[in-house]
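Participant: Before anything else, here's the structure in question.
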There are 2 protein chains.
Amino acid sequence: MKLEEAKIKYIHTWGSLATHWGVNKTMAQVHALLLVSNTPLSSDDIMETLKISRGNVNMNVRALIDWGIVRKELISGERKDYFSADKDIWELFKQITKERKRREIEPVLKILEELHESVDENSVEAESFKKLMEDLSSVTTTVNGILEKTIKADEHWLLSNFTKYIKK
Amino acid sequence: MKLEEAKIKYIHTWGSLATHWGVNKTMAQVHALLLVSNTPLSSDDIMETLKISRGNVNMNVRALIDWGIVRKELISGERKDYFSADKDIWELFKQITKERKRREIEPVLKILEELHESVDENSVEAESFKKLMEDLSSVTTTVNGILEKTIKADEHWLLSNFTKYIKK
DNA sequence: ACAAACTTTCAATATTTACTGAAACTTCAG
DNA sequence: CTGAAGTTTCAGTAAATATTGAAAGTTTGT
């Protein structure tokens with residue numbers, strides 16, 4: 001297989017995986033394109049390669065920059081903005097995890113706790129509802145804790161020590 | 001806050017979280033409803049509570065059953081099907097993780113490996129593409145391994161925080 | 001064998017989400 | 001200041017997804 005062909009196939013694969021995880025396809029494809037490119041690309045390059053509009057490129061590149069996984073590169077003697085993606089994939093995973101945690105996990109934990117606190121009845125039903133809220137919080141916190149340790153840890157260290165962590 | 005109100009708020013919260021994770025809102029709400037209910041519910045109960053159509057209830061309940069997190073309860077003397085959700089939230093997490101792994105992570109790993117193998121060039125560019133495929137595989141495999149260890153981990157430790165429910 | 005009770009399916013439709021493209025805005029050089 | 005080069009915004013539209021509802025299918029009791 002030619003390299004270019006493999007790159008294109010990768011861009012498509014990544015795009016369709018993204019949709020399963022609530023990330024929009026174009027955003028994933030732009031990111032994949034920047035990852036496989038060995039030089040920074042301009043908006044026009046991206047537009048042309050992915051066949052999408054200028055507005056779309058702009059919005060998705062900005063989102064990627066917000067997520068901290070793509071950055072502007074200033075090329076001297078050029079007026080255009082150029083973009084490139086960090087090639088450290090572990091870093092990418094860390095950034096995405098942090099972002100999701102902040103945006104999604106924390107707000108949900110907050111609501112579960114609020115609901116737990118605010119039910120003032122004492123019936124068996126109320127108790128079992130409170131128990132459910134506790135269980136949900138507990139699993140969420142545990143998984144969150146695992147992810148947190150994961151993103152803080154060095155890859156190799158982590159793999160060899162994970163079992164220890166789980167069994168305590 | 002009245003218990004019923006808290007339940008409804010929980011159902012909505014869970015539904016909106018679901019959309020961020022590529023799970024459809026109704027499916028999450030049906031699941032949430034079954035979780036907070038202390039008795040099994042019929043299709044009609046679900047239709048009425050969530051104000052959705054019979055067809056929608058049927059499709060989403062079936063999807064939940066496929067995922068192994070909801071089951072049919074046969075109530076003697078009744079012709080209707082009744083449904084209930086397992087109250088063990090850790091089990092829920094395990095089922096969902098297994099399912100995603102099978103449907104999403106494994107196919108992607110397979111494609112990354114194929115792409116890595118099939119590029120036969122020897123240029124610097126080709127090498128850096130192969131490196132990228134390796135890195136992506138490596139992070140995916142690592143995260144996958146963590147999830148795997150998590151779901152296989154000693155249940156006593158994990159569940160020590162949870163009081164088991166006794167079915168009514 | 002019939003029909004009531006219940007479940008399933010799926011084409012049509014509604015809703016949500018993403019994308020386009022043109023206009024407005026910004027920056028910079030002369 | 002002027003206009004060329006580049007960027008951003010966002011209303012309108014297209015595409016993707018979810019939902020309905022009615023018809024077809026199934027099961028059960030008599």
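Every chain in the structure tokens takes a letter, A first, then B, and so on in the order presented; its residues are numbered from 1, and the ligands are numbered from 1 following the presented order.
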As a PyMOL selection string, which residues of stretch 34-123 of chain B does DSSP assign to helix (DSSP H, G or I)?
Facilitator: chain B and resi 34-36+43-50+54-66+89-118
Participant: Kindly save the residues from that selection, with C-alpha atoms included, as a compact mmCIF listing (two decimals), in the first residue's frame.
Facilitator:
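Generated output (result-v4.txt):
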# COMPACT_ATOMS: atom_id res chain seq x y z
CA LEU B 34 -35.63 1.10 35.89
CA LEU B 35 -32.77 1.74 38.29
CA VAL B 36 -34.73 4.05 40.54
CA SER B 43 -43.75 -1.12 28.62
CA ASP B 44 -46.85 0.86 29.47
CA ASP B 45 -45.34 2.11 32.70
CA ILE B 46 -42.26 3.30 30.85
CA MET B 47 -44.29 4.88 28.04
CA GLU B 48 -46.35 6.79 30.50
CA THR B 49 -43.54 7.97 32.75
CA LEU B 50 -41.15 9.07 30.02
CA ARG B 54 -44.42 2.06 22.45
CA GLY B 55 -42.03 1.41 19.58
CA ASN B 56 -39.36 3.57 21.13
CA VAL B 57 -39.71 1.79 24.48
CA ASN B 58 -39.47 -1.56 22.78
CA MET B 59 -36.33 -0.70 20.81
CA ASN B 60 -34.49 0.83 23.70
CA VAL B 61 -35.41 -1.86 26.19
CA ARG B 62 -34.21 -4.46 23.76
CA ALA B 63 -30.93 -2.61 23.32
CA LEU B 64 -30.49 -2.51 27.10
CA ILE B 65 -31.18 -6.24 27.29
CA ASP B 66 -28.61 -6.84 24.54
CA ILE B 89 -23.63 -0.34 39.45
CA TRP B 90 -20.19 -1.85 39.24
CA GLU B 91 -21.65 -4.66 37.16
CA LEU B 92 -23.15 -2.01 34.91
CA PHE B 93 -19.78 -0.41 34.40
CA LYS B 94 -18.22 -3.78 33.62
CA GLN B 95 -20.87 -4.66 31.05
CA ILE B 96 -20.63 -1.33 29.30
CA THR B 97 -16.85 -1.47 29.20
CA LYS B 98 -16.84 -4.97 27.78
CA GLU B 99 -19.31 -3.99 25.14
CA ARG B 100 -17.40 -0.90 24.02
CA LYS B 101 -14.17 -2.81 23.96
CA ARG B 102 -15.60 -5.45 21.71
CA ARG B 103 -17.38 -3.08 19.37
CA GLU B 104 -14.94 -0.22 19.18
CA ILE B 105 -11.49 -0.73 20.57
CA GLU B 106 -10.72 -4.08 19.04
CA PRO B 107 -11.68 -3.17 15.46
CA VAL B 108 -9.58 0.01 15.63
CA LEU B 109 -6.53 -1.84 16.90
CA LYS B 110 -6.92 -4.27 14.06
CA ILE B 111 -6.95 -1.48 11.47
CA LEU B 112 -3.95 0.28 13.01
CA GLU B 113 -1.98 -2.94 12.83
CA GLU B 114 -3.04 -3.58 9.26
CA LEU B 115 -1.98 -0.09 8.23
CA HIS B 116 1.33 -0.53 9.98
CA GLU B 117 2.00 -3.78 8.18
CA SER B 118 0.84 -2.73 4.77
Participant: Please build the interface table for chain D against stretch 24-27 of chain B with a cut-off of 12 Å, listing for each qualifying residue the nearest atom pair and the distance in Å to one decimal; count only C-alpha atoms (C1' of nucleotides), order rows by chain and increasing number, and write it as a tab-separated table.
Facilitator:
residue	atom	partner	partner_atom	distance
D:DT17	C1'	B:Asn24	CA	9.1
D:DA18	C1'	B:Asn24	CA	8.0
D:DT19	C1'	B:Thr26	CA	9.8
Participant: Any chance you can output those residues with N, CA and C atoms (P, O5', C5', C4', C3', O3' and C1' of nucleotides) as a compact mmCIF listing (two decimals), in the first residue's frame?
Facilitator:
# COMPACT_ATOMS: atom_id res chain seq x y z
P DT D 17 -25.10 9.43 12.51
O5' DT D 17 -26.05 9.71 13.77
C5' DT D 17 -27.05 10.66 13.64
C4' DT D 17 -27.97 10.61 14.83
C3' DT D 17 -28.34 9.20 15.29
O3' DT D 17 -28.48 9.24 16.72
C1' DT D 17 -30.25 10.30 14.35
P DA D 18 -29.16 8.19 17.60
O5' DA D 18 -30.64 8.77 17.68
C5' DA D 18 -30.85 10.05 18.24
C4' DA D 18 -32.35 10.28 18.39
C3' DA D 18 -33.08 9.22 19.19
O3' DA D 18 -34.00 9.93 19.98
C1' DA D 18 -34.04 9.39 17.04
P DT D 19 -34.99 9.21 20.96
O5' DT D 19 -36.34 9.21 20.11
C5' DT D 19 -36.98 10.46 19.85
C4' DT D 19 -38.28 10.20 19.14
C3' DT D 19 -39.20 9.18 19.83
O3' DT D 19 -40.35 9.90 20.25
C1' DT D 19 -39.04 8.79 17.47
Participant: Would you mind listing what lies within 12 Å of C:DA23 as a PDB file with N, CA and C atoms (P, O5', C5', C4', C3', O3' and C1' of nucleotides), in the first residue's frame, with only C-alpha atoms (C1' of nucleotides) counted and same-chain residues fewer than 4 positions away left out?
Facilitator:
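This went into part-v6.pdb:
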ATOM      1  P    DT D   8      -9.220  32.761  13.384  1.00  0.00           P
ATOM      2  O5'  DT D   8     -10.701  33.333  13.355  1.00  0.00           O
ATOM      3  C5'  DT D   8     -10.941  34.650  13.854  1.00  0.00           C
ATOM      4  C4'  DT D   8     -12.407  34.985  13.685  1.00  0.00           C
ATOM      5  C3'  DT D   8     -13.362  33.970  14.328  1.00  0.00           C
ATOM      6  O3'  DT D   8     -14.121  34.697  15.278  1.00  0.00           O
ATOM      7  C1'  DT D   8     -14.044  34.531  12.128  1.00  0.00           C
ATOM      8  P    DT D   9     -15.184  33.948  16.226  1.00  0.00           P
ATOM      9  O5'  DT D   9     -16.566  34.312  15.524  1.00  0.00           O
ATOM     10  C5'  DT D   9     -16.804  35.658  15.119  1.00  0.00           C
ATOM     11  C4'  DT D   9     -18.110  35.711  14.353  1.00  0.00           C
ATOM     12  C3'  DT D   9     -19.223  34.833  14.930  1.00  0.00           C
ATOM     13  O3'  DT D   9     -20.365  35.656  15.045  1.00  0.00           O
ATOM     14  C1'  DT D   9     -18.964  34.404  12.615  1.00  0.00           C
ATOM     15  P    DC D  10     -21.566  35.308  15.992  1.00  0.00           P
ATOM     16  O5'  DC D  10     -22.734  34.963  14.972  1.00  0.00           O
ATOM     17  C5'  DC D  10     -22.886  35.676  13.723  1.00  0.00           C
ATOM     18  C4'  DC D  10     -23.797  34.861  12.810  1.00  0.00           C
ATOM     19  C3'  DC D  10     -24.712  33.889  13.554  1.00  0.00           C
ATOM     20  O3'  DC D  10     -25.949  33.864  12.867  1.00  0.00           O
ATOM     21  C1'  DC D  10     -23.430  32.709  12.004  1.00  0.00           C
ATOM     22  P    DA D  11     -27.282  34.257  13.624  1.00  0.00           P
ATOM     23  O5'  DA D  11     -28.328  34.349  12.429  1.00  0.00           O
ATOM     24  C5'  DA D  11     -28.090  35.250  11.329  1.00  0.00           C
ATOM     25  C4'  DA D  11     -28.450  34.560  10.031  1.00  0.00           C
ATOM     26  C3'  DA D  11     -29.779  33.806  10.056  1.00  0.00           C
ATOM     27  O3'  DA D  11     -30.397  33.993   8.784  1.00  0.00           O
ATOM     28  C1'  DA D  11     -28.019  32.276   9.590  1.00  0.00           C
TER      29       DA D  11
END
Participant: Which chain B residues have any atom within 7 Å of an atom of chain A, and for each, what is the nearest pair of atoms with distance in Å to one decimal, counting only C-alpha atoms, rows sorted by chain and number, as a tab-separated table?
Facilitator:
residue	atom	partner	partner_atom	distance
B:Met1	CA	A:Val119	CA	5.2
B:Lys2	CA	A:Val119	CA	6.3
B:Leu3	CA	A:Val119	CA	6.0
B:Ala6	CA	A:Leu115	CA	6.1
B:His20	CA	A:Gly22	CA	5.6
B:Trp21	CA	A:Gly22	CA	5.3
B:Gly22	CA	A:Gly22	CA	4.7
B:Val36	CA	A:Phe129	CA	6.3
B:Ile89	CA	A:Leu136	CA	6.5
B:Trp90	CA	A:Val139	CA	6.4
B:Leu115	CA	A:Ala6	CA	6.1
B:Ser118	CA	A:Met1	CA	5.6
B:Val119	CA	A:Met1	CA	5.2
B:Asp120	CA	A:Met1	CA	6.6
B:Ala126	CA	A:Leu3	CA	6.3
B:Phe129	CA	A:Val36	CA	6.3
B:Asp135	CA	A:Ile89	CA	6.4
B:Leu136	CA	A:Ile89	CA	6.4
B:Val139	CA	A:Trp90	CA	6.4
B:Ala153	CA	A:Ile166	CA	6.8
B:Asp154	CA	A:Lys167	CA	6.9
B:Trp157	CA	A:Lys167	CA	6.7
B:Phe162	CA	A:Asp135	CA	6.4
Participant: Quick one: superpose chain A on chain B on all Cα atoms, same order, and give the RMSD.
Facilitator: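 C-alpha RMSD after least-squares superposition: 6.7 Å.
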Participant: Select, as a ChimeraX atom specification, those residues of chain C with any atom no more than 10 Å from chain A (distances computed using only C-alpha atoms (C1' of nucleotides)).
Facilitator: /C:17-21,27-28
Participant: Save out the residues we just selected, N, CA and C atoms (P, O5', C5', C4', C3', O3' and C1' of nucleotides), as a PDB file, in the first residue's frame.
Facilitator:
ATOM      1  P    DT C  17     -28.155  17.294  19.992  1.00  0.00           P
ATOM      2  O5'  DT C  17     -27.237  17.378  18.698  1.00  0.00           O
ATOM      3  C5'  DT C  17     -26.973  16.194  17.943  1.00  0.00           C
ATOM      4  C4'  DT C  17     -26.173  16.583  16.727  1.00  0.00           C
ATOM      5  C3'  DT C  17     -25.072  17.611  17.020  1.00  0.00           C
ATOM      6  O3'  DT C  17     -23.861  17.002  16.628  1.00  0.00           O
ATOM      7  C1'  DT C  17     -26.337  18.226  15.098  1.00  0.00           C
ATOM      8  P    DA C  18     -22.491  17.730  16.400  1.00  0.00           P
ATOM      9  O5'  DA C  18     -22.553  17.971  14.819  1.00  0.00           O
ATOM     10  C5'  DA C  18     -22.500  16.874  13.928  1.00  0.00           C
ATOM     11  C4'  DA C  18     -22.330  17.403  12.524  1.00  0.00           C
ATOM     12  C3'  DA C  18     -21.059  18.199  12.306  1.00  0.00           C
ATOM     13  O3'  DA C  18     -20.559  17.743  11.057  1.00  0.00           O
ATOM     14  C1'  DA C  18     -22.919  19.515  11.675  1.00  0.00           C
ATOM     15  P    DC C  19     -19.268  18.372  10.401  1.00  0.00           P
ATOM     16  O5'  DC C  19     -19.908  19.386   9.364  1.00  0.00           O
ATOM     17  C5'  DC C  19     -20.758  18.861   8.343  1.00  0.00           C
ATOM     18  C4'  DC C  19     -21.041  19.961   7.327  1.00  0.00           C
ATOM     19  C3'  DC C  19     -19.808  20.737   6.905  1.00  0.00           C
ATOM     20  O3'  DC C  19     -19.712  20.584   5.490  1.00  0.00           O
ATOM     21  C1'  DC C  19     -21.575  22.222   7.601  1.00  0.00           C
ATOM     22  P    DT C  20     -18.624  21.419   4.661  1.00  0.00           P
ATOM     23  O5'  DT C  20     -19.533  22.654   4.226  1.00  0.00           O
ATOM     24  C5'  DT C  20     -20.707  22.409   3.471  1.00  0.00           C
ATOM     25  C4'  DT C  20     -21.379  23.725   3.117  1.00  0.00           C
ATOM     26  C3'  DT C  20     -20.474  24.706   2.359  1.00  0.00           C
ATOM     27  O3'  DT C  20     -21.175  25.056   1.164  1.00  0.00           O
ATOM     28  C1'  DT C  20     -21.526  25.777   4.214  1.00  0.00           C
ATOM     29  P    DG C  21     -20.384  25.640  -0.081  1.00  0.00           P
ATOM     30  O5'  DG C  21     -20.679  27.193   0.074  1.00  0.00           O
ATOM     31  C5'  DG C  21     -22.016  27.642   0.254  1.00  0.00           C
ATOM     32  C4'  DG C  21     -21.999  29.109   0.644  1.00  0.00           C
ATOM     33  C3'  DG C  21     -20.895  29.932  -0.038  1.00  0.00           C
ATOM     34  O3'  DG C  21     -21.447  31.224  -0.280  1.00  0.00           O
ATOM     35  C1'  DG C  21     -20.648  30.120   2.270  1.00  0.00           C
ATOM     36  P    DT C  27      -6.420  42.397  15.041  1.00  0.00           P
ATOM     37  O5'  DT C  27      -5.380  42.296  13.835  1.00  0.00           O
ATOM     38  C5'  DT C  27      -5.140  41.025  13.227  1.00  0.00           C
ATOM     39  C4'  DT C  27      -4.194  41.232  12.069  1.00  0.00           C
ATOM     40  C3'  DT C  27      -3.065  42.220  12.364  1.00  0.00           C
ATOM     41  O3'  DT C  27      -1.859  41.568  12.056  1.00  0.00           O
ATOM     42  C1'  DT C  27      -4.150  42.743  10.314  1.00  0.00           C
ATOM     43  P    DC C  28      -0.438  42.154  12.496  1.00  0.00           P
ATOM     44  O5'  DC C  28       0.112  42.570  11.076  1.00  0.00           O
ATOM     45  C5'  DC C  28      -0.005  41.644   9.986  1.00  0.00           C
ATOM     46  C4'  DC C  28       0.234  42.393   8.691  1.00  0.00           C
ATOM     47  C3'  DC C  28       1.360  43.431   8.777  1.00  0.00           C
ATOM     48  O3'  DC C  28       2.221  43.234   7.674  1.00  0.00           O
ATOM     49  C1'  DC C  28      -0.585  44.400   7.833  1.00  0.00           C
TER      50       DC C  28
END
Participant: Between atom CA of A:Val70 and atom C1' of D:DA4, what is the spacing in Å?
Facilitator: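 Calculated distance between atom C1' of D:DA4 and atom CA of A:Val70 is 28.4 Å.
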Participant: Between atom C1' of D:DG12 and atom C1' of C:DA14, what distance in Å does the model show, to one decimal?
Facilitator: 18.6 Å
Participant: Suppose you want the space between atom C1' of C:DT15 and atom C1' of D:DA23; what is it in Å?
Facilitator: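 Spanning atom C1' of C:DT15 to atom C1' of D:DA23 is a straight-line distance of 24.4 Å.
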Participant: In stretch 53-126 of chain A, what's strand (DSSP E) per DSSP? Answer as a list in words?
Facilitator: Val70, Arg71, Lys72, Glu73, Tyr82, Phe83, Ser84 and Ala85 of chain A
Participant: Save out the residues we just selected, N, CA and C atoms, as a short mmCIF file (atom, residue, chain, number, x, y, z; two decimals), in the first residue's frame.
Facilitator:
data_model
loop_
_atom_site.label_atom_id
_atom_site.label_comp_id
_atom_site.auth_asym_id
_atom_site.auth_seq_id
_atom_site.Cartn_x
_atom_site.Cartn_y
_atom_site.Cartn_z
N VAL A 70 -3.79 20.72 19.53
CA VAL A 70 -3.30 21.27 18.26
C VAL A 70 -2.81 22.67 18.57
N ARG A 71 -1.79 23.12 17.87
CA ARG A 71 -1.34 24.49 18.10
C ARG A 71 -0.99 25.22 16.81
N LYS A 72 -1.09 26.54 16.91
CA LYS A 72 -0.71 27.41 15.79
C LYS A 72 0.79 27.41 15.68
N GLU A 73 1.26 27.38 14.46
CA GLU A 73 2.70 27.51 14.21
C GLU A 73 2.87 28.77 13.37
N TYR A 82 -0.51 28.51 10.41
CA TYR A 82 -0.28 27.09 10.17
C TYR A 82 -0.55 26.33 11.45
N PHE A 83 -0.98 25.07 11.31
CA PHE A 83 -1.33 24.29 12.49
C PHE A 83 -0.61 22.96 12.51
N SER A 84 -0.30 22.51 13.71
CA SER A 84 0.28 21.17 13.82
C SER A 84 -0.21 20.50 15.10
N ALA A 85 -0.19 19.17 15.10
CA ALA A 85 -0.65 18.40 16.26
C ALA A 85 0.56 17.81 16.96
#
Participant: Between A:Ser42, A:Ile151, A:Gly68, A:Asn144, which one has atoms that come closest to chain D, using only C-alpha atoms (C1' of nucleotides)?
Facilitator: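 Once distances to chain D are computed over only C-alpha atoms (C1' of nucleotides), the minimum belongs to A:Ser42.
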